[in-house]
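Remarks on the structure that follows.
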Amino acid sequence: MKLTIQVNEGPYQHQSADSAYFFTKAALEKGHKIYRVFFYHDGVNNGTRLTTPPQDDRNIVNRWSELAKEHDLDMVVCVAAAQRRGIVDDGEAQRNGKDATNIADGFRISGLGQLVEGAIQSDRLVVFGD
Amino acid sequence: MKLTIQVNEGPYQHQSADSAYFFTKAALEKGHKIYRVFFYHDGVNNGTRLTTPPQDDRNIVNRWSELAKEHDLDMVVCVAAAQRRGIVDDGEAQRNGKDATNIADGFRISGLGQLVEGAIQSDRLVVFGD
Amino acid sequence: MAMLHLVNKSPYDASSLETASSIMKGDDAMLLIEDGVYAAVRNGKAAASLEGLKVSVLGPDLAARGIGEDKLIDGVTVVDYAGFVDMVEANDKVQSWL
Amino acid sequence: MAMLHLVNKSPYDASSLETASSIMKGDDAMLLIEDGVYAAVRNGKAAASLEGLKVSVLGPDLAARGIGEDKLIDGVTVVDYAGFVDMVEANDKVQSWL
Amino acid sequence: MSEIKKFMYVNRKAPYGTIYAWEALEVILIGAAFEQDVSLAFMDDGVYQLTKGQDTTGIGMKNFSPTYSALGDYEITKIYVDKESLEERGLSLDDLQHLVWEDEDEDWAEKDSIRLVSRTELADVLAEQDVLFNF
Amino acid sequence: MSEIKKFMYVNRKAPYGTIYAWEALEVILIGAAFEQDVSLAFMDDGVYQLTKGQDTTGIGMKNFSPTYSALGDYEITKIYVDKESLEERGLSLDDLQHLVWEDEDEDWAEKDSIRLVSRTELADVLAEQDVLFNF
């Protein structure tokens, strides 16, 4: 089946960010197609490359980046949610006059339409949040 | 009285980040002393300068920065929580090999001891969170 | 050693109001803020948990949610942020039931 | 048109389990994940809400919380993440009771 | 894939305490452009989103409640409100905004958008959907 | 300001579902260096933090439950557990870790750290404190 995954919470604060990752990974391992992973609400914070978790802890952001690379995942960070919370790529930095970017490898910033379109194109929408 | 304020949630997702601001402002207006504002858990995300909220919405980060400037507030972002969530100043960037910083004016990154010391030195600890 | 109990969650979604009521003692005060204000609506099921307790509600949070003060149970005081600060001062310590 | 109900909150802190049970119909399935797994502990008060429902629990979340499978109410199935994916496939749609 | 899907937005959170209600509305408004068969459900604390007379000046947030009355213009005309959630909270339909839409097929007659349903009826409505958006 | 304060950490959240339990422990451990009069309370879902046999390999998170048994070494010896919270959840003391501390004044005799209290007794303990940390 074809899936769109929605992630509503940022890394470390709620387990839902972890659950989304393990579910996505398991779906891929079973041969399902991930049409898109959409990061909404605080979920956009999964897309920052500036985290430095403790040595003995998992690296949530890198885990997503690696999974995306391996499986050519489309990982979309909602632009409206990202602007509120400070997730920035080159284009956003330029548009909003920011002097730095923080987006991680494999994530792209785009509109909410990508979530709706994902829900239309996929067989299932699965939401992880709090 | 002397107060330490703890902020547990990031901007926009939970009202507690707003409540903490309005409470702090009201306390200052009544002539109380704010010994420290301590940002913990997702609260550290209040300290990013990369947010661009919609024109018709409040700017939570700037509001804190301005209040801090006006009243010489000590606004501390917990270093352990900040590392997990990607809030970075120059020192942290250097230490952790990050190629960008995102900390906003008026915030400084320091240890959890600052929260405990704040609780010892203050007459009241007031926690805003979820 | 009176204590201020801060409740910021809807009593219909979270257990914090119930816990706060079970811990409150004689001189303690409760302040409902954010989604916690819904507890004080007169005809709501949760109102019963407030019986016999000294309860205040944060006015700005009430107004934002479209709840008129005439809808509140009797005996509840409405305060603004300055009143919130006064309550923190009037009690020896604060427990936020997060 | 069977539906998968995902519950990820403790039934002792949040209302989502209760709501999910009230919406569940004949063929629907419920999967307890994260703090939702506590609902399936045999002697807990919340276990009653699961009576008569088709309920599964995510094993990794159960183990993390130190709850042995012998502590669960009868009839509950323990699945891993692969089983979670199968449940999503076996039902027509998913409702996450956030 | 060009078939029309039955989209249901399930709203269960109070406004302002968290951003979910507002960010749900943002999805709903953008989703309207995709011309699916859209319904909204308000249950549990979600019913609070529709209260009349919201005034956010004291908390410095944008009052987004007027947006609900614009939903009719986006051809969102099926708004289910859970009766039991209202009653438990001491509210009635009178406490909610009066949401309407204009029926093109009946000379733009104004019709009620809100459908007050029991929990059982709501379960039936949810069962009929293709996709559930959860807030 | 060098007087010793009565510090109480109130733990009300389950572990792993959110980070609060773990980040609370981080404060508790660092706070121990400040030599205040420290107590911990576990109530509501907080009692789940102390369960035996936690195994987080399947969720990729660090298992922080062994840290609780180190609290005695930090001279944290007063750990209040709310009896009603345990019972409601179908748990008993047997399901929790056995936490102990060694009493220097009694030739390092091993003593129980956990004090099982009723809700009323817990209210009394909270009332005696100077500062409450809320998690």
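Within each chain, counting starts at residue 1; across the structure tokens, chains are named A, B, ... in the order shown, with ligands numbered 1 upward in that order.
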
Residues of chain B that approach chain A to 12 Å or less, counting only C-alpha atoms: could you list each one with the shortest pair of atoms and its distance in Å to one decimal, rows by chain and increasing residue number, as JSON lines?
```
{"residue": "B:Asn8", "atom": "CA", "partner": "A:Gln13", "partner_atom": "CA", "distance": 10.2}
{"residue": "B:Glu9", "atom": "CA", "partner": "A:Gln13", "partner_atom": "CA", "distance": 9.5}
{"residue": "B:Gly10", "atom": "CA", "partner": "A:Arg85", "partner_atom": "CA", "distance": 8.1}
{"residue": "B:Pro11", "atom": "CA", "partner": "A:Arg85", "partner_atom": "CA", "distance": 6.7}
{"residue": "B:Tyr12", "atom": "CA", "partner": "A:Arg84", "partner_atom": "CA", "distance": 6.9}
{"residue": "B:Gln13", "atom": "CA", "partner": "A:Asp42", "partner_atom": "CA", "distance": 6.6}
{"residue": "B:His14", "atom": "CA", "partner": "A:Asp42", "partner_atom": "CA", "distance": 9.9}
{"residue": "B:Tyr40", "atom": "CA", "partner": "A:Gln13", "partner_atom": "CA", "distance": 10.8}
{"residue": "B:His41", "atom": "CA", "partner": "A:Gln13", "partner_atom": "CA", "distance": 7.0}
{"residue": "B:Asp42", "atom": "CA", "partner": "A:Gln13", "partner_atom": "CA", "distance": 6.6}
{"residue": "B:Gly43", "atom": "CA", "partner": "A:Gln13", "partner_atom": "CA", "distance": 10.2}
{"residue": "B:Val44", "atom": "CA", "partner": "A:Gln13", "partner_atom": "CA", "distance": 11.3}
{"residue": "B:Asn45", "atom": "CA", "partner": "A:Arg85", "partner_atom": "CA", "distance": 7.6}
{"residue": "B:Asn46", "atom": "CA", "partner": "A:Arg85", "partner_atom": "CA", "distance": 8.5}
{"residue": "B:Gly47", "atom": "CA", "partner": "A:Gly86", "partner_atom": "CA", "distance": 9.8}
{"residue": "B:Thr48", "atom": "CA", "partner": "A:Gly86", "partner_atom": "CA", "distance": 6.6}
{"residue": "B:Arg49", "atom": "CA", "partner": "A:Gly86", "partner_atom": "CA", "distance": 7.2}
{"residue": "B:Leu50", "atom": "CA", "partner": "A:Gly86", "partner_atom": "CA", "distance": 4.3}
{"residue": "B:Thr51", "atom": "CA", "partner": "A:Gly86", "partner_atom": "CA", "distance": 3.8}
{"residue": "B:Thr52", "atom": "CA", "partner": "A:Gln83", "partner_atom": "CA", "distance": 4.8}
{"residue": "B:Pro53", "atom": "CA", "partner": "A:Arg84", "partner_atom": "CA", "distance": 4.5}
{"residue": "B:Pro54", "atom": "CA", "partner": "A:Arg84", "partner_atom": "CA", "distance": 7.5}
{"residue": "B:Gln55", "atom": "CA", "partner": "A:Arg84", "partner_atom": "CA", "distance": 10.8}
{"residue": "B:Asp57", "atom": "CA", "partner": "A:Arg84", "partner_atom": "CA", "distance": 9.5}
{"residue": "B:Arg58", "atom": "CA", "partner": "A:Arg84", "partner_atom": "CA", "distance": 10.0}
{"residue": "B:Asn59", "atom": "CA", "partner": "A:Arg84", "partner_atom": "CA", "distance": 8.6}
{"residue": "B:Ile60", "atom": "CA", "partner": "A:Arg84", "partner_atom": "CA", "distance": 9.2}
{"residue": "B:Val61", "atom": "CA", "partner": "A:Arg85", "partner_atom": "CA", "distance": 9.6}
{"residue": "B:Val79", "atom": "CA", "partner": "A:Thr52", "partner_atom": "CA", "distance": 10.4}
{"residue": "B:Ala80", "atom": "CA", "partner": "A:Pro53", "partner_atom": "CA", "distance": 8.2}
{"residue": "B:Ala81", "atom": "CA", "partner": "A:Pro53", "partner_atom": "CA", "distance": 8.8}
{"residue": "B:Ala82", "atom": "CA", "partner": "A:Thr51", "partner_atom": "CA", "distance": 7.7}
{"residue": "B:Gln83", "atom": "CA", "partner": "A:Thr52", "partner_atom": "CA", "distance": 4.8}
{"residue": "B:Arg84", "atom": "CA", "partner": "A:Pro53", "partner_atom": "CA", "distance": 4.5}
{"residue": "B:Arg85", "atom": "CA", "partner": "A:Thr51", "partner_atom": "CA", "distance": 5.3}
{"residue": "B:Gly86", "atom": "CA", "partner": "A:Thr51", "partner_atom": "CA", "distance": 3.8}
{"residue": "B:Ile87", "atom": "CA", "partner": "A:Leu50", "partner_atom": "CA", "distance": 6.8}
{"residue": "B:Val88", "atom": "CA", "partner": "A:Leu50", "partner_atom": "CA", "distance": 7.0}
{"residue": "B:Asp89", "atom": "CA", "partner": "A:Leu50", "partner_atom": "CA", "distance": 10.4}
{"residue": "B:Glu92", "atom": "CA", "partner": "A:Thr52", "partner_atom": "CA", "distance": 9.5}
{"residue": "B:Ala93", "atom": "CA", "partner": "A:Leu50", "partner_atom": "CA", "distance": 8.4}
{"residue": "B:Gln94", "atom": "CA", "partner": "A:Leu50", "partner_atom": "CA", "distance": 11.8}
{"residue": "B:Arg95", "atom": "CA", "partner": "A:Thr52", "partner_atom": "CA", "distance": 10.2}
{"residue": "B:Asn96", "atom": "CA", "partner": "A:Thr52", "partner_atom": "CA", "distance": 6.9}
{"residue": "B:Gly97", "atom": "CA", "partner": "A:Thr52", "partner_atom": "CA", "distance": 9.3}
{"residue": "B:Lys98", "atom": "CA", "partner": "A:Leu50", "partner_atom": "CA", "distance": 6.4}
{"residue": "B:Asp99", "atom": "CA", "partner": "A:Leu50", "partner_atom": "CA", "distance": 8.2}
{"residue": "B:Ala100", "atom": "CA", "partner": "A:Ala100", "partner_atom": "CA", "distance": 6.2}
{"residue": "B:Thr101", "atom": "CA", "partner": "A:Ala100", "partner_atom": "CA", "distance": 7.0}
{"residue": "B:Asn102", "atom": "CA", "partner": "A:Ala100", "partner_atom": "CA", "distance": 7.1}
{"residue": "B:Ile103", "atom": "CA", "partner": "A:Ala100", "partner_atom": "CA", "distance": 10.5}
{"residue": "B:Ala104", "atom": "CA", "partner": "A:Gly86", "partner_atom": "CA", "distance": 10.9}
{"residue": "B:Asp130", "atom": "CA", "partner": "A:Gln13", "partner_atom": "CA", "distance": 11.1}
```

Would you give me, as CSV, each residue of chain A having an atom within 7 Å of an atom of chain E, along with its shortest atom pair and that distance in Å to one decimal, using only C-alpha atoms and sorting by chain and residue number?
```
residue,atom,partner,partner_atom,distance
A:Leu112,CA,E:Val27,CA,6.3
A:Gly113,CA,E:Ile30,CA,6.2
A:Val116,CA,E:Gly31,CA,5.8
A:Gln121,CA,E:Met1,CA,6.5
A:Leu125,CA,E:Val131,CA,7.0
A:Val127,CA,E:Asn134,CA,7.0
```

Review point. Which of region 27-91 of chain C counts as strand (DSSP E) under DSSP, as a list in words please?
Key: Ala29, Met30, Leu31, Leu32, Val55, Ser56, Val57, Leu58, Thr77, Val78 and Val79 of chain C

Residue subset to file, keeping N, CA, C and O atoms, as a compact mmCIF listing (two decimals), in the first residue's frame:
```txt
# COMPACT_ATOMS: atom_id res chain seq x y z
N ALA C 29 -5.35 28.03 47.42
CA ALA C 29 -6.17 28.64 46.38
C ALA C 29 -5.88 27.95 45.06
O ALA C 29 -4.79 27.43 44.83
N MET C 30 -6.89 27.97 44.17
CA MET C 30 -6.71 27.41 42.84
C MET C 30 -6.94 28.50 41.81
O MET C 30 -7.88 29.29 41.92
N LEU C 31 -6.06 28.55 40.82
CA LEU C 31 -6.27 29.48 39.71
C LEU C 31 -6.35 28.67 38.42
O LEU C 31 -5.44 27.91 38.09
N LEU C 32 -7.47 28.84 37.72
CA LEU C 32 -7.65 28.18 36.44
C LEU C 32 -7.17 29.09 35.33
O LEU C 32 -7.61 30.24 35.23
N VAL C 55 -11.59 29.19 44.36
CA VAL C 55 -11.20 29.12 42.96
C VAL C 55 -11.25 30.48 42.28
O VAL C 55 -12.20 31.24 42.43
N SER C 56 -10.21 30.79 41.52
CA SER C 56 -10.20 31.97 40.66
C SER C 56 -9.97 31.53 39.22
O SER C 56 -9.47 30.43 38.97
N VAL C 57 -10.34 32.43 38.31
CA VAL C 57 -10.21 32.14 36.89
C VAL C 57 -9.51 33.33 36.24
O VAL C 57 -9.79 34.48 36.58
N LEU C 58 -8.62 33.06 35.30
CA LEU C 58 -7.92 34.14 34.61
C LEU C 58 -8.84 34.73 33.53
O LEU C 58 -9.17 34.06 32.55
N THR C 77 -13.87 33.80 41.49
CA THR C 77 -13.37 35.16 41.28
C THR C 77 -12.65 35.23 39.94
O THR C 77 -11.90 34.32 39.60
N VAL C 78 -12.87 36.30 39.20
CA VAL C 78 -12.15 36.49 37.95
C VAL C 78 -11.01 37.48 38.18
O VAL C 78 -11.23 38.55 38.72
N VAL C 79 -9.80 37.09 37.80
CA VAL C 79 -8.64 37.97 37.98
C VAL C 79 -7.95 38.21 36.64
O VAL C 79 -8.11 37.43 35.70
```

Review point. If we count only C-alpha atoms, what is near Val126 (chain A) at a cut-off of 7 Å, once residues fewer than 2 positions away on the same chain are taken out, given as a VMD selection string?
Key: (chain A and resid 4 to 6 124 128) or (chain D and resid 94)

Exercise for review: With a distance threshold of 12 Å and counting only C-alpha atoms, extract the residues of chain C near chain F and express them as a ChimeraX atom specification.
Suggested key: /C:1-7,14-28,91-98

Between chain D and chain A, at 6 Å or less, what are the per-residue closest atom pairs and their distances in Å? Count only C-alpha atoms, order by chain and rising residue number, and return it as a tab-separated table.
```
residue	atom	partner	partner_atom	distance
D:Tyr81	CA	A:Phe23	CA	6.0
D:Ala82	CA	A:Ala26	CA	5.5
D:Val85	CA	A:Ala27	CA	5.8
D:Leu98	CA	A:Asp130	CA	5.0
```

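Across the model, the gap from CA of Trp108 (chain E) to CA of Val81 (chain E) is 23.8 Å.
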
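Put simply, CA of Asp94 (chain F) is 22.3 Å away from CA of Asp73 (chain F).
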
Exercise for review: Please provide the set of residues having any atom within 8 Å of Leu116 (chain F), restricted to only C-alpha atoms, with same-chain residues fewer than 6 positions apart removed, written as number ranges by chain.
Suggested key: F: 80-83

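Secondary structure by DSSP on the backbone puts the following residues of chain D in alpha helix (DSSP H): Ser16, Leu17, Glu18, Thr19, Ala20, Ser21, Ser22, Ile23, Gly59, Pro60, Asp61, Leu62, Ala63, Ala64, Tyr81, Ala82, Gly83, Phe84, Val85, Asp86, Met87, Val88, Glu89 and Ala90 of chain D.
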
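Of the listed residues F:Lys62, F:Ser85, F:Leu91, F:Ser39, the one whose atoms come nearest to Leu72 (chain D) is F:Leu91, with distances taken using only C-alpha atoms.
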